[in-house]
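To be precise, the following lines are start-v1.cif, and they hold mmCIF, C-alpha atoms and all ligand atoms.
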data_query
loop_
_atom_site.label_atom_id
_atom_site.label_comp_id
_atom_site.auth_asym_id
_atom_site.auth_seq_id
_atom_site.Cartn_x
_atom_site.Cartn_y
_atom_site.Cartn_z
CA MET A 1 -13.26 16.32 -14.77
CA LYS A 2 -10.83 18.82 -13.26
CA ARG A 3 -7.23 17.61 -13.20
CA CYS A 4 -4.00 19.08 -11.88
CA THR A 5 -2.49 21.38 -14.50
CA LYS A 6 1.00 19.93 -13.95
CA CYS A 7 0.36 16.19 -13.49
CA VAL A 8 -2.88 14.37 -14.37
CA LEU A 9 -4.34 13.62 -10.93
CA PRO A 10 -8.09 14.23 -10.90
CA GLU A 11 -10.03 16.26 -8.34
CA THR A 12 -11.36 12.97 -6.95
CA ALA A 13 -7.92 11.83 -5.68
CA PRO A 14 -8.03 11.51 -1.87
CA ASN A 15 -7.15 14.69 0.07
CA ILE A 16 -6.17 16.54 -3.10
CA THR A 17 -6.11 20.35 -3.13
CA PHE A 18 -5.14 22.78 -5.89
CA ASP A 19 -3.31 26.12 -5.77
CA ASP A 20 -4.32 29.22 -7.78
CA GLU A 21 -2.57 27.84 -10.88
CA GLY A 22 -4.40 24.55 -10.56
CA VAL A 23 -1.29 22.62 -9.40
CA CYS A 24 -2.06 19.89 -6.88
CA ASN A 25 -0.59 19.36 -3.40
CA TYR A 26 0.76 15.94 -4.50
CA CYS A 27 2.94 17.82 -7.04
CA HIS A 28 4.01 20.40 -4.45
CA SER A 29 5.24 17.86 -1.93
CA TYR A 30 6.72 15.45 -4.51
CA GLN A 31 10.43 14.81 -4.26
CA ASN A 32 12.18 13.46 -7.31
CA PHE A 33 13.56 10.00 -6.79
CA ASP A 34 17.16 9.75 -5.74
CA TYR A 35 18.68 6.66 -7.41
CA LYS A 36 21.30 4.75 -5.47
CA GLY A 37 23.39 4.36 -8.64
CA GLU A 38 24.54 1.51 -10.86
CA ASP A 39 28.05 1.43 -9.31
CA LYS A 40 26.58 0.64 -5.93
CA LEU A 41 24.42 -2.09 -7.48
CA ILE A 42 27.39 -3.65 -9.28
CA GLY A 43 29.33 -3.62 -6.00
CA LEU A 44 26.53 -5.54 -4.28
CA LEU A 45 26.31 -8.04 -7.13
CA GLU A 46 30.08 -8.63 -7.28
CA ALA A 47 30.06 -9.44 -3.57
CA GLN A 48 27.46 -12.13 -4.26
CA LYS A 49 29.53 -13.64 -7.10
CA LYS A 50 32.47 -14.02 -4.72
CA ARG A 51 30.42 -16.36 -2.53
CA ASN A 52 30.79 -19.08 -5.22
CA ASN A 53 27.33 -20.46 -4.56
CA LYS A 54 25.53 -22.31 -7.39
CA TYR A 55 23.29 -19.26 -7.73
CA ASP A 56 24.52 -15.71 -7.17
CA CYS A 57 21.03 -14.36 -6.64
CA MET A 58 17.33 -14.93 -7.07
CA VAL A 59 14.99 -12.90 -9.29
CA ASN A 60 11.23 -12.74 -8.80
CA ILE A 61 9.36 -12.82 -12.07
CA SER A 62 5.69 -12.24 -12.79
CA GLY A 63 5.89 -12.18 -16.60
CA GLY A 64 5.23 -8.44 -16.59
CA ARG A 65 7.58 -5.94 -18.19
CA ASP A 66 9.66 -4.78 -15.20
CA SER A 67 10.45 -8.19 -13.73
CA SER A 68 11.25 -9.59 -17.20
CA PHE A 69 13.68 -6.72 -17.79
CA THR A 70 15.22 -7.23 -14.35
CA LEU A 71 15.97 -10.85 -15.18
CA LEU A 72 17.42 -9.90 -18.59
CA LYS A 73 19.62 -7.21 -17.06
CA LEU A 74 20.94 -9.47 -14.28
CA VAL A 75 21.81 -12.35 -16.59
CA LYS A 76 23.02 -10.55 -19.71
CA ASP A 77 24.41 -7.24 -18.48
CA TYR A 78 25.71 -8.20 -15.05
CA GLY A 79 26.60 -11.88 -15.72
CA MET A 80 24.82 -13.24 -12.65
CA ASN A 81 23.88 -16.91 -12.15
CA VAL A 82 20.22 -16.43 -11.41
CA LEU A 83 17.58 -18.70 -9.92
CA VAL A 84 14.21 -17.44 -11.18
CA VAL A 85 11.24 -17.70 -8.87
CA ASN A 86 7.66 -17.31 -9.92
CA TYR A 87 4.59 -17.20 -7.75
CA LYS A 88 1.76 -18.63 -9.81
CA ASN A 89 -1.86 -18.14 -8.89
CA SER A 90 -5.05 -19.15 -10.63
CA PHE A 91 -5.50 -15.64 -11.98
CA THR A 92 -2.21 -15.27 -13.87
CA ASP A 93 -2.72 -14.03 -17.42
CA PRO A 94 -1.76 -16.66 -20.07
CA GLN A 95 0.54 -14.16 -21.81
CA ALA A 96 2.45 -13.62 -18.55
CA ARG A 97 3.00 -17.40 -18.33
CA ALA A 98 4.23 -17.47 -21.93
CA ASN A 99 6.61 -14.60 -21.17
CA ILE A 100 8.12 -16.47 -18.20
CA LYS A 101 8.60 -19.60 -20.31
CA ASN A 102 10.24 -17.65 -23.15
CA ALA A 103 12.51 -15.62 -20.88
CA THR A 104 13.80 -18.58 -18.86
CA GLU A 105 14.33 -20.72 -21.99
CA ILE A 106 16.10 -17.98 -23.94
CA LEU A 107 18.37 -17.08 -21.01
CA GLY A 108 18.89 -20.71 -19.99
CA VAL A 109 18.14 -20.13 -16.31
CA ASP A 110 16.52 -22.40 -13.71
CA LEU A 111 12.95 -21.65 -12.68
CA VAL A 112 11.17 -22.53 -9.44
CA THR A 113 7.41 -22.04 -9.42
CA PHE A 114 5.32 -22.09 -6.26
CA GLU A 115 1.65 -21.56 -5.52
CA THR A 116 -0.71 -21.32 -2.57
CA LYS A 117 -2.60 -24.42 -1.45
CA GLU A 118 -5.27 -25.36 -3.96
CA GLY A 119 -8.38 -23.21 -3.69
CA VAL A 120 -7.04 -20.84 -1.01
CA ALA A 121 -6.47 -17.88 -3.35
CA GLU A 122 -9.96 -18.31 -4.81
CA ASP A 123 -11.55 -18.73 -1.39
CA THR A 124 -9.96 -15.63 0.17
CA PHE A 125 -10.62 -13.61 -2.98
CA ARG A 126 -14.36 -14.51 -2.95
CA HIS A 127 -14.57 -13.63 0.72
CA SER A 128 -12.80 -10.26 0.30
CA LEU A 129 -14.93 -9.33 -2.69
CA ASN A 130 -18.18 -10.17 -0.84
CA ALA A 131 -17.04 -8.13 2.16
CA TRP A 132 -16.03 -5.24 -0.08
CA LEU A 133 -19.39 -5.23 -1.87
CA LYS A 134 -21.21 -4.90 1.47
CA LYS A 135 -19.51 -1.55 2.03
CA PRO A 136 -17.48 -0.42 -1.00
CA SER A 137 -14.39 1.50 0.07
CA PRO A 138 -11.46 2.40 -2.21
CA ALA A 139 -9.09 2.00 0.76
CA MET A 140 -9.87 -1.72 0.88
CA VAL A 141 -9.39 -2.56 -2.80
CA PRO A 142 -5.93 -4.07 -2.05
CA MET A 143 -7.73 -6.73 0.05
CA MET A 144 -8.53 -8.52 -3.22
CA CYS A 145 -4.86 -9.57 -3.29
CA VAL A 146 -4.49 -10.64 0.34
CA ALA A 147 -3.75 -14.32 -0.43
CA CYS A 148 -0.84 -13.41 -2.71
CA LYS A 149 0.71 -11.13 -0.13
CA ASN A 150 2.12 -14.30 1.46
CA MET A 151 4.52 -14.74 -1.43
CA TRP A 152 7.48 -13.16 0.40
CA TRP A 153 7.37 -15.92 2.98
CA ASP A 154 7.82 -18.61 0.31
CA THR A 155 10.29 -16.52 -1.67
CA ILE A 156 12.63 -16.22 1.31
CA LYS A 157 12.16 -19.90 2.14
CA ILE A 158 13.33 -20.84 -1.38
CA ALA A 159 16.31 -18.47 -1.10
CA LYS A 160 17.34 -20.11 2.18
CA LYS A 161 17.01 -23.59 0.67
CA HIS A 162 19.46 -22.68 -2.10
CA ASN A 163 21.79 -20.68 0.17
CA ILE A 164 21.01 -17.49 -1.78
CA LYS A 165 21.72 -14.21 0.02
CA CYS A 166 20.34 -11.74 -2.51
CA ILE A 167 16.85 -11.40 -3.98
CA ILE A 168 16.28 -8.92 -6.78
CA SER A 169 12.88 -7.62 -7.83
CA GLY A 170 11.66 -5.23 -10.51
CA GLY A 171 10.21 -2.82 -7.95
CA ASN A 172 9.84 0.64 -9.36
CA PRO A 173 9.56 3.84 -7.28
CA LEU A 174 7.10 5.23 -9.83
CA GLU A 175 4.68 2.50 -8.80
CA GLU A 176 4.42 3.69 -5.23
CA SER A 177 0.88 4.83 -4.73
CA SER A 178 0.48 7.99 -2.66
CA PHE A 179 -3.28 7.91 -3.11
CA LYS A 180 -3.49 4.50 -1.43
CA LYS A 181 -1.61 5.84 1.57
CA GLU A 182 -3.90 8.88 1.74
CA LEU A 183 -6.93 6.55 1.71
CA LEU A 184 -5.56 4.92 4.87
CA ASN A 185 -4.62 8.28 6.41
CA VAL A 186 -0.93 7.57 6.03
CA SER A 187 1.22 10.52 4.96
CA ARG A 188 1.87 10.24 1.22
CA ASP A 189 5.43 11.44 1.77
CA SER A 190 6.41 8.55 4.04
CA GLY A 191 9.07 6.26 2.58
CA VAL A 192 8.60 2.65 1.44
CA ASP A 193 10.05 1.19 4.59
CA SER A 194 8.73 3.62 7.19
CA HIS A 195 4.97 3.51 6.88
CA PHE A 196 4.31 -0.10 7.88
CA THR A 197 2.81 0.62 11.32
CA SER A 198 0.57 3.45 10.16
CA THR A 199 -0.65 1.34 7.22
CA ILE A 200 -1.60 -1.50 9.56
CA LYS A 201 -3.40 1.03 11.78
CA GLY A 202 -5.30 2.34 8.74
CA ILE A 203 -6.28 -1.18 7.64
CA PHE A 204 -7.52 -2.09 11.13
CA SER A 205 -9.56 1.09 11.25
CA GLU A 206 -11.20 0.11 7.91
CA ILE A 207 -11.81 -3.46 9.11
CA SER A 208 -13.48 -2.13 12.27
CA LYS A 209 -15.98 -0.37 9.98
CA ASN A 210 -16.65 -3.57 8.03
CA THR A 211 -15.89 -6.65 10.09
CA ASP A 212 -17.01 -8.94 7.24
CA TYR A 213 -13.39 -8.85 6.09
CA ILE A 214 -12.38 -11.01 9.04
CA TYR A 215 -12.40 -14.54 7.71
CA TYR A 216 -11.71 -17.01 10.49
CA LYS A 217 -11.17 -19.94 8.12
CA GLN A 218 -8.28 -18.15 6.42
CA LEU A 219 -7.24 -15.88 9.29
CA HIS A 220 -3.64 -17.12 9.13
CA ILE A 221 -3.49 -16.13 5.46
CA MET A 222 -4.67 -12.62 6.32
CA ILE A 223 -2.24 -12.18 9.21
CA TRP A 224 0.64 -13.59 7.17
CA GLY A 225 -0.38 -11.29 4.31
CA PHE A 226 -0.10 -8.23 6.56
CA LEU A 227 3.28 -9.35 7.91
CA PHE A 228 4.76 -10.30 4.53
CA GLY A 229 3.03 -7.74 2.24
CA ASN A 230 6.27 -6.73 0.52
CA GLN A 231 10.01 -6.95 1.04
CA TYR A 232 9.98 -3.89 3.30
CA SER A 233 7.40 -5.39 5.68
CA ILE A 234 8.32 -6.66 9.10
CA GLY A 235 8.08 -10.37 8.09
CA PRO A 236 10.82 -10.34 5.41
CA LYS A 237 12.91 -8.05 7.61
CA ILE A 238 12.99 -10.63 10.41
CA TYR A 239 12.74 -13.94 8.52
CA GLY A 240 15.09 -12.79 5.76
CA HIS A 241 17.34 -10.57 7.91
CA ASP A 242 20.54 -11.96 6.37
CA ILE A 243 19.28 -11.73 2.78
CA GLU A 244 19.81 -8.62 0.68
CA LYS A 245 16.53 -7.51 -0.95
CA ILE A 246 17.11 -5.25 -3.92
CA ASP A 247 14.74 -3.38 -6.19
CA LEU A 248 16.54 -2.84 -9.52
CA PHE A 249 14.92 0.50 -10.26
CA HIS A 250 15.98 1.96 -6.95
CA TYR A 251 19.51 1.82 -8.38
CA ILE A 252 19.09 2.59 -12.09
CA PRO A 253 16.44 4.82 -13.69
CA TRP A 254 13.35 3.14 -15.05
CA ASN A 255 13.30 3.76 -18.81
CA GLU A 256 10.08 2.56 -20.39
CA ASP A 257 11.30 2.67 -24.02
CA GLU A 258 14.50 0.78 -23.27
CA ILE A 259 12.67 -1.81 -21.15
CA LEU A 260 10.01 -2.53 -23.76
CA SER A 261 12.35 -2.62 -26.73
CA ARG A 262 14.89 -4.87 -25.02
CA ILE A 263 12.44 -7.42 -23.62
CA LYS A 264 10.54 -7.59 -26.93
CA ASN A 265 13.72 -8.06 -28.98
CA GLU A 266 15.76 -10.19 -26.62
CA LEU A 267 13.14 -12.21 -24.72
CA ASN A 268 10.30 -12.41 -27.25
CA TRP A 269 8.15 -10.69 -24.61
CA ASP A 270 4.61 -9.60 -25.44
CA TYR A 271 1.41 -8.25 -23.82
CA PRO A 272 -2.29 -8.89 -24.51
CA HIS A 273 -2.85 -6.23 -27.17
CA HIS A 274 -6.61 -5.99 -26.62
CA LEU A 275 -5.91 -4.59 -23.14
CA GLU A 276 -4.03 -1.66 -24.69
CA SER A 277 -1.54 -1.36 -21.84
CA THR A 278 1.83 -3.03 -21.23
CA TRP A 279 1.47 -2.45 -17.48
CA ARG A 280 -0.12 -4.69 -14.84
CA PHE A 281 -1.79 -7.27 -17.02
CA ASP A 282 0.06 -10.19 -15.37
CA CYS A 283 -2.71 -10.89 -12.83
CA MET A 284 -6.37 -10.69 -13.83
CA ILE A 285 -7.32 -9.25 -10.42
CA GLY A 286 -5.72 -6.04 -11.73
CA HIS A 287 -8.69 -5.49 -14.05
CA LEU A 288 -11.11 -5.83 -11.16
CA LYS A 289 -9.08 -3.45 -9.01
CA ASP A 290 -9.14 -0.88 -11.83
CA ALA A 291 -12.93 -1.20 -11.93
CA LEU A 292 -13.28 -0.89 -8.13
CA TYR A 293 -11.05 2.20 -7.98
CA MET A 294 -12.75 3.80 -10.95
CA LYS A 295 -16.23 3.23 -9.51
CA THR A 296 -15.40 4.54 -6.03
CA LEU A 297 -12.69 7.10 -6.76
CA GLY A 298 -12.96 8.08 -10.43
CA MET A 299 -9.32 7.15 -11.05
CA THR A 300 -7.03 4.13 -11.19
CA GLU A 301 -3.42 3.42 -10.28
CA LYS A 302 -2.50 4.56 -13.80
CA ASP A 303 -3.53 8.17 -13.03
CA GLU A 304 -0.91 8.28 -10.32
CA PHE A 305 1.72 6.28 -12.22
CA TYR A 306 1.58 8.66 -15.18
CA SER A 307 1.54 11.66 -12.84
CA ARG A 308 4.79 10.45 -11.33
CA MET A 309 6.25 9.89 -14.80
CA ILE A 310 5.39 13.51 -15.66
CA ARG A 311 7.01 14.81 -12.46
CA GLU A 312 10.15 12.78 -13.16
CA GLY A 313 10.27 14.20 -16.71
CA PHE A 314 9.65 10.82 -18.40
CA LEU A 315 6.32 11.66 -20.03
CA GLY A 316 4.50 14.74 -21.35
CA ARG A 317 1.11 15.69 -19.87
CA GLU A 318 -0.72 15.47 -23.22
CA GLU A 319 0.66 11.97 -23.84
CA ALA A 320 -0.39 10.95 -20.31
CA LEU A 321 -3.94 12.16 -20.91
CA LYS A 322 -4.08 10.25 -24.19
CA ARG A 323 -2.87 7.09 -22.47
CA LEU A 324 -5.39 7.43 -19.65
CA GLU A 325 -8.26 7.79 -22.08
CA LYS A 326 -7.28 4.51 -23.68
CA GLU A 327 -5.91 2.57 -20.71
CA ASN A 328 -8.51 3.50 -18.11
CA ARG A 329 -11.27 1.77 -20.07
CA LEU A 330 -12.66 -0.95 -17.86
CA HIS A 331 -12.33 -4.52 -19.09
CA TRP A 332 -15.54 -6.10 -17.87
CA ASP A 333 -14.95 -9.13 -20.10
CA GLN A 334 -11.74 -9.83 -18.13
CA VAL A 335 -13.54 -9.24 -14.82
CA ASP A 336 -16.18 -11.73 -15.97
CA ILE A 337 -13.52 -14.38 -16.70
CA LEU A 338 -11.87 -13.67 -13.33
CA LEU A 339 -15.14 -14.07 -11.42
CA LYS A 340 -15.84 -17.36 -13.18
CA ARG A 341 -12.34 -18.63 -12.42
CA ALA A 342 -12.75 -17.69 -8.76
CA GLY A 343 -16.10 -19.47 -8.55
CA VAL A 344 -18.08 -16.30 -7.80
CA ASP A 345 -21.77 -16.27 -8.73
CA ASN A 346 -20.80 -13.84 -11.41
CA SER A 347 -24.14 -12.92 -12.96
CA SER A 348 -25.37 -10.94 -9.95
CA VAL A 349 -21.94 -9.77 -8.77
CA LEU A 350 -21.06 -8.40 -12.19
CA VAL A 351 -24.33 -6.43 -12.24
CA ASP A 352 -23.62 -5.13 -8.72
CA LEU A 353 -20.14 -4.02 -9.75
CA LYS A 354 -21.32 -2.28 -12.90
CA ASN A 355 -24.05 -0.48 -10.92
CA LEU A 356 -21.72 0.86 -8.22
ZN ZN B 401 -0.30 17.49 -9.70
#
Output the file's structure in the form of C-alpha cells.
Ligand SMILES: [Zn+2]
Amino acid sequence: MKRCTKCVLPETAPNITFDDEGVCNYCHSYQNFDYKGEDKLIGLLEAQKKRNNKYDCMVNISGGRDSSFTLLKLVKDYGMNVLVVNYKNSFTDPQARANIKNATEILGVDLVTFETKEGVAEDTFRHSLNAWLKKPSPAMVPMMCVACKNMWWDTIKIAKKHNIKCIISGGNPLEESSFKKELLNVSRDSGVDSHFTSTIKGIFSEISKNTDYIYYKQLHIMIWGFLFGNQYSIGPKIYGHDIEKIDLFHYIPWNEDEILSRIKNELNWDYPHHLESTWRFDCMIGHLKDALYMKTLGMTEKDEFYSRMIREGFLGREEALKRLEKENRLHWDQVDILLKRAGVDNSSVLVDLKNL
C-alpha cells in the first residue's frame, strides 16, 4: 500500500493527496503543537490550592497510560489533593481496572466510580452496531461509543457536588484525529473547540443516509452524547462554565518513554501484553473500532497517531511502520468477547464483520 513518504498515512486516508515527492497534504498543512507551558499550568494549580477545599482538583482516569500518568503527575509532582473519578462501563478491560486500583491505592487518593444505568451501554451499543452493519461507513464508527459520551455530564455533576473547580484529563493533542474530521467533511485544521457545529452537521448528514441509527428508546442518551461528547462540547461549556477543564498534555509535552517508565515503576501499571500495544486497550470497544476502520478504510487511529508523532519529531518513520505492522493486527478474539458481553448474536455478526 502506498504511504506518505514523510509520515505513514496510507493512500486510503480520506481526502488524502500526495505531492511529487510523495508527501501528503495532511503533512503539508500540519502545524506543530504549541504547548501552553508548565509555568502556566502550575499557576492554575496553585490558584486551586488557595481555595482550601478538601480536594484541589479532580482527575479522570480510565486505567490507560495517559490518564494514569496525569494522576501521578498531579499528586506526586504538583502536590495536589486529587479526587479521582472513573467512568466504568461493561466493556472496561480487566487490566485497566487493576491499574486504577493500584494507582489509587499507591497514591492514597479517593476514588469515585460511576456507570450508566444497567444495560443502557449494551443496548445502545447493539443498536449502533446493527445500524452500522446495514450501511458500513467509517464516518460512523464513533457511534459505537455513543452511550459513554455522556460521561462529561456525570463528571461535572461530581465536581459540583464536591465543590471542585478544576478537572484535569490526560487529553493528548497527538490523539486528535484529522481523518475522522475529514470523514465528516470538517476541515482537518479546525481546532479542538471550534469544530463542534460542523461535526454535528456531518453526523446529521450521515444519519440522514442511514436513519436506523435513530433509536427512540435511547434518544436522550444520543442527544446527551452529542452535547457532552468531550470537555470542549457545548454541554460542558454551559453546565460546567465555572469549572476549569484542563488537558495535561496541552501544557507539557507528551513523552511516551517517560510516561511508560514512570507509571510502570511508580504505579505498578501494566497493559495486556498479548495486544502488543500500550495504547487504547482500556475499553474493549476499541478493538472493534480498529476492525471497523481497517475494513472500511484500510487504516486505524494508530496510523494517524504515529504520523503525528513523526511530524512532532517523537518517532522515526521506520519505527512507526514496524509498530503499525504489529499493532494494526485485528484482535477478533477480543471482538468476540465484546460481542458476547454486549449480548449480540455474535456468531453471525462476527462472520459479517470478518467478511466486510
Ligand atoms: Zn504525510
(message) Let me make sure I understand: among A:Asn52, A:Thr300, A:Ser205, A:Gln334, which one has the smallest atom-to-atom distance to Thr92 in chain A if we use only C-alpha atoms?
(response) A:Gln334
(request) Extract, using only C-alpha atoms, all DNA, RNA and protein residues at most 10 Å from range 20-26 of chain A, discarding same-chain residues fewer than 4 positions from it, and format them as number ranges by chain. (result) A: 2-11, 13, 15-16, 30-31, 178-179, 188-189, 304, 307-308
(message) To one decimal place in Å, what is the distance between CA of Leu183 in chain A and CA of Cys145 in chain A?
(response)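 According to the coordinates, CA of Leu183 in chain A and CA of Cys145 in chain A are separated by 17.0 Å.
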(request) Pick out the residues sitting within 10 Å of Leu350 in chain A, and hand them over as a list in words; count only C-alpha atoms, and ignore anything fewer than 3 positions along from it in its own chain. (result)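 So, after excluding close chain neighbours, the residues are Trp332, Val335, Asp336, Leu339, Val344, Asp345, Asn346, Ser347, Leu353, Lys354 and Asn355 of chain A.
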(message) So, with all atoms listed in the file as the atoms that count, which of A:Leu174, A:Met143, A:Ala159, A:Ala121 lies closest to His250 in chain A?
(response)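 Looking at the shortest contact to His250 in chain A, the residue is A:Leu174.
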Kindly assemble as JSON lines a list of the range 98-150 of chain A residues that lie within 10 Å of range 209-215 of chain A, each paired with its nearest atom pair and their distance in Å to one decimal, using only C-alpha atoms, sorted first by chain and then by ascending residue number.
{"residue": "A:Thr124", "atom": "CA", "partner": "A:Tyr215", "partner_atom": "CA", "distance": 8.0}
{"residue": "A:His127", "atom": "CA", "partner": "A:Tyr213", "partner_atom": "CA", "distance": 7.3}
{"residue": "A:Ser128", "atom": "CA", "partner": "A:Tyr213", "partner_atom": "CA", "distance": 6.0}
{"residue": "A:Leu129", "atom": "CA", "partner": "A:Tyr213", "partner_atom": "CA", "distance": 8.9}
{"residue": "A:Asn130", "atom": "CA", "partner": "A:Asp212", "partner_atom": "CA", "distance": 8.3}
{"residue": "A:Ala131", "atom": "CA", "partner": "A:Asp212", "partner_atom": "CA", "distance": 5.1}
{"residue": "A:Trp132", "atom": "CA", "partner": "A:Tyr213", "partner_atom": "CA", "distance": 7.6}
{"residue": "A:Lys134", "atom": "CA", "partner": "A:Asn210", "partner_atom": "CA", "distance": 8.1}
{"residue": "A:Lys135", "atom": "CA", "partner": "A:Asn210", "partner_atom": "CA", "distance": 6.9}
{"residue": "A:Pro136", "atom": "CA", "partner": "A:Asn210", "partner_atom": "CA", "distance": 9.6}
{"residue": "A:Ser137", "atom": "CA", "partner": "A:Asn210", "partner_atom": "CA", "distance": 9.7}
{"residue": "A:Met140", "atom": "CA", "partner": "A:Tyr213", "partner_atom": "CA", "distance": 9.5}
{"residue": "A:Met143", "atom": "CA", "partner": "A:Tyr213", "partner_atom": "CA", "distance": 8.5}
